[in-house]
Every structure is written in C-alpha cells, then in structure tokens.
$ cat query-v5.txt   # compact mmCIF, C-alpha atoms and all ligand atoms
# COMPACT_ATOMS: atom_id res chain seq x y z
CA MET A 284 -7.19 21.95 -8.69
CA PRO A 285 -7.47 20.07 -11.98
CA SER A 286 -10.42 17.75 -12.27
CA PRO A 287 -9.89 14.15 -11.18
CA SER A 288 -8.72 11.82 -13.88
CA LEU A 289 -7.75 8.20 -14.24
CA ALA A 290 -4.03 8.02 -14.97
CA ALA A 291 -3.96 4.53 -16.43
CA PRO A 292 -7.52 3.37 -17.08
CA SER A 293 -7.71 -0.34 -16.45
CA PRO A 294 -10.78 -2.53 -16.93
CA VAL A 295 -9.49 -5.00 -14.34
CA PRO A 296 -10.94 -3.48 -11.14
CA ALA A 297 -14.36 -3.16 -12.81
CA ILE A 298 -14.26 -6.79 -14.01
CA ALA A 299 -13.23 -7.99 -10.55
CA ALA A 300 -16.02 -5.98 -8.90
CA ARG A 301 -18.62 -7.18 -11.42
CA ASN A 302 -17.65 -10.84 -11.02
CA ARG A 303 -17.80 -10.56 -7.25
CA LEU A 304 -21.26 -9.01 -7.49
CA VAL A 305 -22.53 -11.74 -9.81
CA ILE A 306 -21.13 -14.50 -7.60
CA THR A 307 -22.82 -13.04 -4.54
CA GLY A 308 -26.07 -12.69 -6.53
CA LEU A 309 -25.88 -16.31 -7.63
CA ALA A 310 -25.18 -17.54 -4.11
CA VAL A 311 -28.29 -15.73 -2.88
CA ALA A 312 -30.32 -16.92 -5.89
CA ILE A 313 -29.38 -20.55 -5.49
CA THR A 314 -30.28 -20.55 -1.81
CA ALA A 315 -33.58 -18.76 -2.37
CA GLY A 316 -34.33 -20.82 -5.51
CA THR A 317 -33.77 -24.09 -3.72
CA PHE A 318 -36.06 -22.98 -0.94
CA VAL A 319 -38.86 -22.18 -3.41
CA PHE A 320 -38.37 -25.20 -5.66
CA ASP A 321 -37.56 -27.87 -3.14
CA LEU A 322 -40.97 -28.21 -1.53
CA MET A 323 -40.60 -24.83 0.23
CA THR A 324 -38.90 -26.46 3.18
CA PRO A 325 -35.79 -25.57 5.12
CA ILE A 326 -34.46 -28.97 4.01
CA GLY A 327 -34.21 -27.54 0.47
CA VAL A 328 -31.99 -24.74 1.71
CA ALA A 329 -30.01 -27.16 3.84
CA ALA A 330 -29.37 -29.26 0.73
CA ALA A 331 -27.96 -26.50 -1.49
CA LEU A 332 -26.35 -24.26 1.09
CA PRO A 333 -23.37 -26.54 1.87
CA TYR A 334 -22.49 -26.78 -1.84
CA THR A 335 -22.72 -23.02 -2.26
CA LEU A 336 -20.56 -22.49 0.80
CA LEU A 337 -18.13 -25.12 -0.44
CA ILE A 338 -17.57 -23.21 -3.66
CA LEU A 339 -17.31 -19.84 -1.93
CA LEU A 340 -14.90 -21.28 0.63
CA SER A 341 -12.73 -22.87 -2.06
CA LEU A 342 -12.44 -19.44 -3.67
CA ARG A 343 -11.46 -17.82 -0.43
CA LEU A 344 -9.01 -20.45 0.78
CA GLY A 345 -7.88 -22.35 -2.25
CA GLY A 346 -7.58 -21.13 -5.73
CA THR A 347 -8.88 -21.88 -9.15
CA ALA A 348 -8.19 -25.65 -9.06
CA ALA A 349 -9.90 -25.99 -5.66
CA THR A 350 -12.96 -24.20 -7.05
CA TRP A 351 -13.31 -26.54 -10.02
CA LEU A 352 -12.95 -29.47 -7.62
CA ALA A 353 -15.64 -28.03 -5.34
CA ALA A 354 -18.01 -27.66 -8.31
CA ALA A 355 -17.31 -31.27 -9.31
CA VAL A 356 -17.95 -32.51 -5.74
CA ALA A 357 -21.19 -30.50 -5.61
CA THR A 358 -22.28 -32.05 -8.93
CA VAL A 359 -21.57 -35.61 -7.79
CA LEU A 360 -23.41 -35.07 -4.49
CA THR A 361 -26.37 -33.49 -6.28
CA GLY A 362 -26.36 -36.46 -8.69
CA ILE A 363 -26.48 -38.89 -5.77
CA GLY A 364 -29.39 -36.89 -4.31
CA LEU A 365 -31.22 -37.14 -7.62
CA TRP A 366 -30.58 -40.88 -7.88
CA ILE A 367 -32.03 -41.39 -4.40
CA LYS A 368 -35.08 -39.35 -5.40
CA VAL A 369 -35.56 -41.37 -8.59
CA GLN A 370 -35.51 -44.60 -6.55
CA GLY A 371 -38.25 -43.43 -4.19
CA PRO A 372 -41.98 -43.15 -4.87
CA ASP A 373 -42.05 -39.42 -5.56
CA PRO A 374 -45.11 -38.05 -7.36
CA GLU A 375 -43.29 -34.74 -8.07
CA LEU A 376 -40.18 -36.18 -9.63
CA TRP A 377 -39.96 -33.44 -12.30
CA LYS A 378 -39.52 -30.84 -9.55
CA GLY A 379 -36.52 -32.69 -8.19
CA VAL A 380 -34.98 -33.06 -11.67
CA VAL A 381 -35.47 -29.37 -12.55
CA ASN A 382 -34.25 -28.26 -9.15
CA ARG A 383 -31.10 -30.37 -9.09
CA GLY A 384 -30.32 -29.72 -12.76
CA THR A 385 -30.56 -25.98 -12.15
CA CYS A 386 -28.40 -26.33 -9.06
CA VAL A 387 -25.66 -28.09 -11.00
CA LEU A 388 -25.69 -25.42 -13.72
CA VAL A 389 -25.54 -22.67 -11.13
CA PHE A 390 -22.68 -24.37 -9.26
CA TRP A 391 -20.62 -24.45 -12.44
CA ALA A 392 -21.54 -20.86 -13.32
CA MET A 393 -20.49 -19.79 -9.84
CA ALA A 394 -17.24 -21.68 -10.07
CA ALA A 395 -16.48 -20.21 -13.53
CA LEU A 396 -17.20 -16.68 -12.34
CA GLY A 397 -15.22 -17.30 -9.18
CA VAL A 398 -12.23 -18.42 -11.17
CA ALA A 399 -12.58 -15.39 -13.46
CA TYR A 400 -12.75 -13.17 -10.37
CA LYS A 401 -9.62 -14.72 -8.89
CA ARG A 402 -7.72 -14.32 -12.15
CA SER A 403 -8.80 -10.69 -12.53
CA ARG A 404 -7.64 -10.02 -8.95
CA GLU A 405 -4.28 -11.56 -9.76
CA ARG A 406 -3.99 -9.43 -12.90
CA LEU A 407 -4.86 -6.37 -10.84
CA LEU A 408 -2.02 -7.13 -8.42
CA VAL A 409 0.40 -7.59 -11.30
CA GLU A 410 -0.73 -4.28 -12.82
CA GLN A 411 -0.38 -2.55 -9.45
CA ALA A 412 3.11 -3.91 -8.93
CA ALA A 413 4.15 -2.80 -12.43
CA ALA A 414 2.69 0.67 -11.92
CA LEU A 415 4.40 0.98 -8.55
CA ARG A 416 7.69 0.06 -10.17
CA THR A 417 7.14 2.73 -12.84
CA GLU A 418 6.25 5.27 -10.19
CA GLN A 419 9.32 4.41 -8.13
CA LEU A 420 11.58 4.62 -11.15
CA ALA A 421 9.99 7.89 -12.25
CA SER A 422 10.46 9.44 -8.83
CA LEU A 423 14.00 8.11 -8.69
CA GLY A 424 14.69 9.69 -12.08
CA GLU A 425 13.24 12.98 -10.88
CA MET A 426 15.34 12.75 -7.76
CA ALA A 427 18.52 11.77 -9.54
CA ALA A 428 19.51 15.39 -10.13
CA GLY A 429 18.74 16.24 -6.52
CA ILE A 430 20.66 13.22 -5.26
CA GLY A 431 23.66 14.22 -7.35
CA HIS A 432 23.50 17.64 -5.74
CA GLU A 433 22.99 16.14 -2.27
CA LEU A 434 26.05 13.94 -2.65
CA GLY A 435 28.09 16.65 -4.38
CA THR A 436 27.97 19.02 -1.39
CA PRO A 437 29.40 16.64 1.25
CA LEU A 438 31.82 15.19 -1.31
CA GLY A 439 33.20 18.65 -2.08
CA ALA A 440 33.52 19.37 1.64
CA LEU A 441 35.16 15.98 2.16
CA GLN A 442 37.75 16.67 -0.53
CA GLY A 443 38.47 20.11 0.94
CA ARG A 444 39.01 18.66 4.43
CA LEU A 445 41.23 15.88 3.08
CA GLU A 446 43.45 18.45 1.39
CA LEU A 447 43.61 20.37 4.64
CA LEU A 448 44.58 17.23 6.50
CA GLU A 449 47.25 16.50 3.91
CA GLN A 450 48.69 20.00 4.37
CA MET A 451 48.63 19.58 8.16
CA LEU A 452 50.52 16.29 7.88
CA ALA A 453 53.03 17.74 5.39
CA ALA A 454 53.72 20.65 7.76
CA GLY A 455 54.99 18.18 10.35
CA PRO A 456 53.64 17.36 13.81
CA GLY A 457 50.95 19.98 14.31
CA ASP A 458 48.03 20.47 16.61
CA PRO A 459 46.60 16.97 17.32
CA GLU A 460 43.32 18.50 18.49
CA ALA A 461 42.83 20.29 15.11
CA MET A 462 43.55 17.02 13.32
CA ARG A 463 41.11 15.13 15.49
CA ARG A 464 38.42 17.72 14.72
CA THR A 465 39.11 17.43 10.99
CA VAL A 466 38.91 13.63 11.09
CA HIS A 467 35.66 13.90 13.03
CA ILE A 468 34.20 16.20 10.37
CA LEU A 469 35.38 13.78 7.67
CA ALA A 470 33.63 10.92 9.42
CA ARG A 471 30.40 12.94 9.67
CA LEU A 472 30.51 13.85 5.98
CA ALA A 473 31.10 10.22 5.02
CA ASP A 474 28.24 9.23 7.31
CA ARG A 475 25.92 11.72 5.62
CA MET A 476 26.80 10.34 2.21
CA THR A 477 26.25 6.78 3.39
CA ARG A 478 22.80 7.75 4.66
CA ILE A 479 21.86 9.32 1.32
CA ILE A 480 23.03 6.28 -0.62
CA ARG A 481 21.30 3.88 1.77
CA ALA A 482 18.02 5.78 1.44
CA VAL A 483 18.21 5.74 -2.37
CA ARG A 484 19.13 2.07 -2.44
CA SER A 485 16.23 1.13 -0.23
CA LEU A 486 13.86 2.93 -2.59
CA ALA A 487 15.23 1.37 -5.74
CA ARG A 488 14.30 -2.19 -4.92
CA ASP A 489 11.34 -4.34 -4.12
CA ALA A 490 11.08 -4.93 -0.38
CA TRP A 491 8.22 -7.40 -0.03
CA GLU A 492 10.62 -10.20 0.88
CA ASP A 493 12.56 -8.15 3.44
CA PRO A 494 12.41 -9.36 7.04
CA PHE A 495 10.99 -7.06 9.72
CA VAL A 496 13.71 -5.38 11.75
CA ASP A 497 13.54 -2.85 14.58
CA VAL A 498 14.31 0.58 13.15
CA SER A 499 14.37 3.96 14.85
CA VAL A 500 11.60 6.28 13.71
CA GLU A 501 14.10 9.12 13.77
CA GLU A 502 16.20 7.29 11.18
CA ILE A 503 13.26 6.58 8.88
CA VAL A 504 11.99 10.16 8.99
CA GLY A 505 15.56 11.43 8.54
CA ASP A 506 16.14 9.19 5.51
CA ALA A 507 12.91 10.26 3.80
CA LEU A 508 13.69 13.92 4.40
CA GLU A 509 17.23 13.42 3.18
CA ILE A 510 15.92 12.31 -0.22
CA ALA A 511 13.21 14.97 -0.44
CA GLU A 512 15.38 17.77 0.95
CA ASP A 513 16.71 19.13 -2.32
CA ARG A 514 13.29 19.37 -3.96
CA LEU A 515 11.72 20.89 -0.84
CA ARG A 516 14.46 23.49 -0.71
CA ARG A 517 14.01 24.36 -4.39
CA LEU A 518 10.24 24.78 -3.87
CA GLY A 519 10.84 26.90 -0.79
CA VAL A 520 8.88 24.55 1.49
CA ASP A 521 9.59 24.94 5.17
CA VAL A 522 9.78 21.58 6.99
CA ARG A 523 9.29 21.14 10.70
CA VAL A 524 9.67 17.86 12.54
CA GLU A 525 8.25 17.44 16.03
CA GLY A 526 8.19 14.72 18.67
CA LEU A 527 11.20 12.70 17.51
CA ASP A 528 12.62 10.52 20.22
CA GLU A 529 15.71 8.50 19.46
CA LYS A 530 14.44 5.64 21.62
CA LEU A 531 11.26 5.21 19.57
CA ARG A 532 11.56 2.12 17.37
CA ILE A 533 9.19 0.15 15.15
CA PRO A 534 9.48 -3.37 13.75
CA CYS A 535 9.22 -2.87 9.99
CA ARG A 536 10.48 -3.31 6.47
CA GLU A 537 12.41 -0.07 6.44
CA ALA A 538 12.31 0.41 2.66
CA GLN A 539 8.52 0.26 2.63
CA ILE A 540 7.94 2.66 5.50
CA SER A 541 10.49 5.11 4.05
CA GLN A 542 8.59 4.88 0.77
CA VAL A 543 5.30 5.66 2.56
CA LEU A 544 6.77 8.76 4.21
CA LEU A 545 8.40 9.86 1.01
CA ASN A 546 5.09 9.52 -0.85
CA LEU A 547 3.30 11.61 1.77
CA ILE A 548 6.03 14.25 1.73
CA ALA A 549 6.11 14.31 -2.10
CA ASN A 550 2.31 14.68 -2.26
CA ALA A 551 2.43 17.45 0.34
CA ALA A 552 5.15 19.25 -1.65
CA ASP A 553 3.07 18.92 -4.84
CA ALA A 554 0.03 20.30 -3.03
CA VAL A 555 1.71 23.39 -1.55
CA GLN A 556 4.11 24.34 -4.33
CA GLU A 557 1.81 27.03 -5.77
CA LEU A 558 0.61 28.37 -2.41
CA PRO A 559 1.88 31.59 -0.87
CA GLU A 560 2.39 29.77 2.44
CA ARG A 561 4.39 26.56 1.96
CA TRP A 562 5.13 24.31 4.91
CA ILE A 563 5.06 20.66 5.89
CA ARG A 564 4.90 19.49 9.49
CA ILE A 565 5.83 15.97 10.53
CA GLU A 566 4.72 15.02 14.03
CA VAL A 567 5.72 11.78 15.69
CA SER A 568 3.90 10.60 18.79
CA ARG A 569 3.60 7.46 20.82
CA ARG A 570 0.10 6.29 21.69
CA ARG A 571 0.06 3.20 23.91
CA ASP A 572 1.35 0.36 21.70
CA THR A 573 1.51 2.35 18.49
CA VAL A 574 3.53 5.11 16.92
CA ALA A 575 1.70 7.75 14.90
CA ILE A 576 3.46 9.77 12.22
CA ALA A 577 1.34 12.66 10.98
CA VAL A 578 2.24 14.59 7.83
CA THR A 579 0.40 17.91 7.62
CA ASP A 580 0.84 20.51 4.89
CA SER A 581 -0.25 24.11 4.46
CA GLY A 582 -2.90 23.09 1.91
CA GLU A 583 -6.51 23.57 2.93
CA GLY A 584 -7.49 19.93 2.92
CA ILE A 585 -8.88 17.69 0.21
CA PRO A 586 -12.33 18.50 -1.24
CA ASP A 587 -15.13 16.31 0.14
CA GLU A 588 -16.07 14.97 -3.27
CA ILE A 589 -12.70 13.29 -3.75
CA ARG A 590 -11.73 12.43 -0.16
CA ALA A 591 -13.10 8.91 -0.40
CA ARG A 592 -11.26 8.25 -3.65
CA VAL A 593 -7.73 9.51 -2.99
CA MET A 594 -6.53 6.10 -1.78
CA GLN A 595 -8.01 4.20 -4.70
CA PRO A 596 -5.53 2.88 -7.25
CA PHE A 597 -5.36 4.93 -10.48
CA PHE A 598 -6.95 8.01 -8.90
CA THR A 599 -4.98 11.18 -9.48
CA THR A 600 -5.71 14.86 -9.95
CA LYS A 601 -2.22 15.55 -11.24
CA PRO A 602 -1.56 16.36 -14.89
CA ALA A 603 -0.77 13.40 -17.15
CA GLY A 604 2.81 12.28 -16.73
CA GLN A 605 3.08 13.64 -13.20
CA GLY A 606 0.77 11.38 -11.25
CA THR A 607 0.09 7.69 -11.51
CA GLY A 608 -2.54 7.56 -8.81
CA PHE A 609 -0.69 4.78 -7.02
CA GLY A 610 1.26 6.55 -4.27
CA LEU A 611 -1.45 6.43 -1.61
CA SER A 612 -2.94 3.03 -2.46
CA ILE A 613 0.47 1.40 -2.40
CA SER A 614 1.37 3.29 0.78
CA ARG A 615 -1.79 1.96 2.39
CA ALA A 616 -0.93 -1.59 1.27
CA PHE A 617 2.56 -1.22 2.79
CA VAL A 618 1.20 0.15 6.07
CA GLU A 619 -1.49 -2.53 6.31
CA ALA A 620 1.16 -5.21 5.73
CA HIS A 621 2.65 -3.86 8.98
CA ALA A 622 -0.71 -4.15 10.80
CA GLY A 623 -0.98 -0.36 10.76
CA THR A 624 -3.33 2.23 9.26
CA LEU A 625 -3.04 5.13 6.87
CA SER A 626 -5.79 7.69 7.16
CA LEU A 627 -6.70 11.13 5.93
CA GLU A 628 -7.83 13.16 8.92
CA SER A 629 -11.05 15.05 8.55
CA GLY A 630 -11.10 17.45 11.50
CA SER A 631 -7.96 19.35 10.52
CA ALA A 632 -7.89 22.81 8.91
CA HIS A 633 -4.99 21.61 6.75
CA THR A 634 -4.37 18.42 4.80
CA ARG A 635 -3.20 15.82 7.27
CA PHE A 636 -2.36 12.16 6.66
CA VAL A 637 -1.62 9.93 9.65
CA VAL A 638 0.32 6.68 9.58
CA THR A 639 -0.09 4.49 12.64
CA LEU A 640 2.22 1.52 13.18
CA PRO A 641 2.74 -0.93 16.03
CA ALA A 642 5.62 0.23 18.24
CA LYS A 643 8.44 -2.01 19.41
CA ARG A 644 7.36 -3.58 22.68
P1 LIG B 701 -0.48 10.63 -7.36
O1 LIG B 701 0.41 11.37 -6.43
O2 LIG B 701 0.25 9.88 -8.42
O3 LIG B 701 -1.61 11.48 -7.91
P2 LIG B 701 -1.50 9.40 -4.97
O4 LIG B 701 -2.21 8.10 -4.74
O5 LIG B 701 -0.27 9.62 -4.16
O6 LIG B 701 -1.20 9.48 -6.51
O7 LIG B 701 -2.51 10.60 -4.68
C1 LIG B 701 -3.78 10.58 -5.24
C2 LIG B 701 -4.41 11.95 -5.20
O8 LIG B 701 -4.68 12.32 -3.85
C3 LIG B 701 -3.52 13.07 -5.73
O9 LIG B 701 -3.57 13.17 -7.14
C4 LIG B 701 -4.17 14.29 -5.05
O10 LIG B 701 -5.35 14.68 -5.72
C5 LIG B 701 -4.61 13.73 -3.70
N1 LIG B 701 -3.65 14.08 -2.66
C6 LIG B 701 -2.75 13.25 -2.08
N2 LIG B 701 -2.04 13.92 -1.13
C7 LIG B 701 -2.50 15.18 -1.11
C8 LIG B 701 -2.17 16.36 -0.34
N3 LIG B 701 -1.22 16.36 0.60
N4 LIG B 701 -2.89 17.50 -0.60
C9 LIG B 701 -3.87 17.52 -1.54
N5 LIG B 701 -4.22 16.44 -2.29
C10 LIG B 701 -3.55 15.28 -2.08

$ encode --input "query-v5.txt" --output "structure tokens"
Amino acid sequence: MPSPSLAAPSPVPAIAARNRLVITGLAVAITAGTFVFDLMTPIGVAAALPYTLLILLSLRLGGTAATWLAAAVATVLTGIGLWIKVQGPDPELWKGVVNRGTCVLVFWAMAALGVAYKRSRERLLVEQAAALRTEQLASLGEMAAGIGHELGTPLGALQGRLELLEQMLAAGPGDPEAMRRTVHILARLADRMTRIIRAVRSLARDAWEDPFVDVSVEEIVGDALEIAEDRLRRLGVDVRVEGLDEKLRIPCREAQISQVLLNLIANAADAVQELPERWIRIEVSRRRDTVAIAVTDSGEGIPDEIRARVMQPFFTTKPAGQGTGFGLSISRAFVEAHAGTLSLESGSAHTRFVVTLPAKR
C-alpha cells in the first residue's frame, strides 16, 4: 500500500485546531489568574468566570457578532466593578486595576481568537463542500463510460423487442400471450433504465436541502450497485448481497445514503482490485430500532497505524489524482446527519465498514 499522503493540503484544519486550543488555554488562564490576583478568594473566580462563559457561550450559540458583543458587555461590567473599587477605601487598589485591566485584554483576545476560529471553521466547511463536489464530479466522469454501457444494453434490447412487436402487429392478430410477454419485457427494460438514470441524477446534485422520505433499503442498495456494476464487473469483483428484506425502510435523504454506499463500494473495489481473491459482501440486518448495512471486502483490513485517520478529511493513500481523501469523512457527515453511525470494524479478518441508521418505526 502506498504511504499515506495528504491529497489537498489545507492549513485550515490546523488553524482551527490551534485557535480552539488557545481559546481553551486563555479560558483556563483567566479563571486561574483571577483567583491568584483577586485576593486569592473564590469571589475572584466568581467575578471572571461568568464573563469567560459568556464569551464561550456566544461562540457556541451565536456567531462572530454575538462574540464581539459579549466581549463589550464583559468590558463594561468589568469597568463598573473597577469604578466601585475605586470608590471604596481599598489599600490594594493597584491589584484591582491590574487584575481588571488584564481581564479586559484577555476577554478581547479570547473574542478575537474565537471569531478567527469560527471563520476558519466556516472556511473548512466551504473547502469540504468544494472538494466533495469535485470528488462527485470526478467519480461521475469516471462512471460516465460505464453508465453509457449500462444504458446501452437495455436500450439495445428494448429496440430489438420493439421491432419484434412491430413485426407481430404487422403479421396480423397473433398470439396475445406472446405480445403480453413482450410488452412486459419492454416495461422491465424501461424500468431498469429509469433506475439507472435516477441513481445518476441523485448523485449529481447537492442533497442537503432534500426532505427525509421513507425509502426501501433494497432500493438504495440496488441503486448503488447499479451504478458500480459495470466497474465491478470489469475488475472481476464478485458481489454478494445478504439480508435484504423488501419491507425494510429507512427515513432518509436517499441521494446521501446512496452516495455513502457507493463510496464504500468504490473504496472496497479500489482495495481489492489487485488481489487474487476479489469479493465484496453487503449484509443488511435489522437490530431493534436501527438498520445496519455492512460492506466487507476481501482485503485484509486497514493497518493499525492509519485506522484512526481514514475518516479524516484529506487523508488518502491513493495515488495523486485518484483519491481526494474526502469519501469517508463526507460519508460520515451524511450518516451523522441521519442520526446514524459509520464505523470501521476492528474484530473482522477482512475490511468491514458498518453504516447504522434509524429504521422506519
Ligand atoms: P479516498 O478514497 O479519496 O482516498 P476516503 O476518505 O474514501 O478517500 O478513504 C480514505 C482512505 O481510507 C483511503 O485512501 C484508503 O487508504 C482507506 N480505505 C478506505 N476504504 C478502504 C477499504 N475498503 N480497504 C482499505 N483501505 C480503505
């Protein structure tokens, strides 16, 4: 296996992580500092803690404007505290001035870092969305030839049957049963083509705004396999599907869950393509209120040293141009948006990813 690489090195995750670390450090420092400076009493902590929490909360709930406002409120309140101290007969006035002055500076530093953190997170999301788009378009491009082939076969058969039907009709009133059979075959071919087109269409667009609808698991698995079928056949990968039950349904954004399965199948195909034994097994099972879809391949698992990193954005071991390192991280985001989980199983002799999603009640 080639050594791990970063497909599209981005400084954004590192900046976001660093800012978060510094903010946490400052929050701890301000609390501890106030305790030491402000007469070593719990009252000192009680004075600074609410402001610190206010800023952290504004970051979590609000946004950048709310954070600036929180820093301003903290400054005004600290100023009032200082004014009260100046009015009173305090022999250690300098301590109060230093303490509150430092607090104000730290509040603003925290707010500034918080805002920087929020902006870097937003940039990260934009980068991820753009990379996902590129990955989707790239895989669509790669599949275009296969899709053409997939559609060509039923279309050819459809044309052949239509000609046959035409001949039957031209020959006068023939065997109605033979005609009925031909029409039935035509309908099935048209249905197959509709399924292929629907699967491709659902992949080609952004589905975050789609409503959740109840979809049969059989249909989702079938659609994903329909798209991957041509490539799997060319690579000589044997596919087995177990546990499908037509009654099993999940509330979901179909395009996203199809994309997850397709990613797992595509990764599995990549992993086994050079192996002497090439198979992929898809097992569907119902566990209480959830449906589990496991995708196992004939590969011998993922080395321990990279297991923890495979779902991180930008992580890929594929040669440049073939992997973006986004398939699994985006898949996980899709599954988590459905209140489900995507995990890499550790106890299996082969590589096995499991998607768990809430079942229709
Ligand atoms: P990409 O496919 O673009 O590399 P992914 O996020 O889908 O991005 O996968 C990240 C990495 O996880 C892959 O480069 C590969 O090293 C590893 N991986 C994913 N699925 C498998 C699998 N079935 N077998 C072996 N390695 C895998």

$ residues_around --input "query-v5.txt" --residues "Arg635 in chain A" --least-positions-apart "3" --cutoff "12 Å" --atoms "all atoms listed in the file" --output "list in words"
Leu547, Ile548, Asn550, Ala551, Ala554, Ile563, Arg564, Ile565, Glu566, Ile576, Ala577, Val578, Thr579, Asp580, Ser581, Gly582, Glu583, Gly584, Ile585, Arg590, Leu625, Ser626, Leu627, Glu628, Ser629, Gly630, Ser631, Ala632 and Val638 of chain A

$ closest_atom_pairs --input "query-v5.txt" --of "chain A" --to "ligand LIG 701 (chain B)" --cutoff "6 Å" --atoms "all atoms listed in the file" --output "Markdown table"
| residue | atom | partner | partner_atom | distance |
| --- | --- | --- | --- | --- |
| A:Asn550 | CA | B:LIG701 | N2 | 4.6 |
| A:Ala551 | CA | B:LIG701 | N3 | 3.8 |
| A:Ala554 | CA | B:LIG701 | N4 | 4.7 |
| A:Ile585 | CA | B:LIG701 | C9 | 5.3 |
| A:Val593 | CA | B:LIG701 | O8 | 4.2 |
| A:Met594 | CA | B:LIG701 | O4 | 5.6 |
| A:Phe598 | CA | B:LIG701 | C1 | 5.5 |
| A:Thr599 | CA | B:LIG701 | O9 | 3.4 |
| A:Thr600 | CA | B:LIG701 | O9 | 3.9 |
| A:Lys601 | CA | B:LIG701 | O9 | 4.9 |
| A:Gly606 | CA | B:LIG701 | O2 | 3.2 |
| A:Thr607 | CA | B:LIG701 | O2 | 3.8 |
| A:Gly608 | CA | B:LIG701 | O6 | 3.3 |
| A:Phe609 | CA | B:LIG701 | O4 | 4.3 |
| A:Gly610 | CA | B:LIG701 | O5 | 3.4 |
| A:Leu611 | CA | B:LIG701 | O4 | 3.6 |
| A:Ser612 | CA | B:LIG701 | O4 | 5.6 |
| A:Thr634 | CA | B:LIG701 | N3 | 5.6 |

$ atom_distance --input "query-v5.txt" --atom1 "CA of Gly435 in chain A" --atom2 "CA of Glu501 in chain A"
24.1 Å

$ closest_residue --input "query-v5.txt" --among "A:Leu558, A:Gly431, A:Glu537, A:Ile589" --to "Asp513 in chain A" --atoms "all atoms listed in the file"
A:Gly431

$ atom_distance --input "query-v5.txt" --atom1 "CA of Leu447 in chain A" --atom2 "CA of Leu472 in chain A"
14.7 Å

$ atom_distance --input "query-v5.txt" --atom1 "CA of Arg383 in chain A" --atom2 "CA of Thr361 in chain A"
6.3 Å
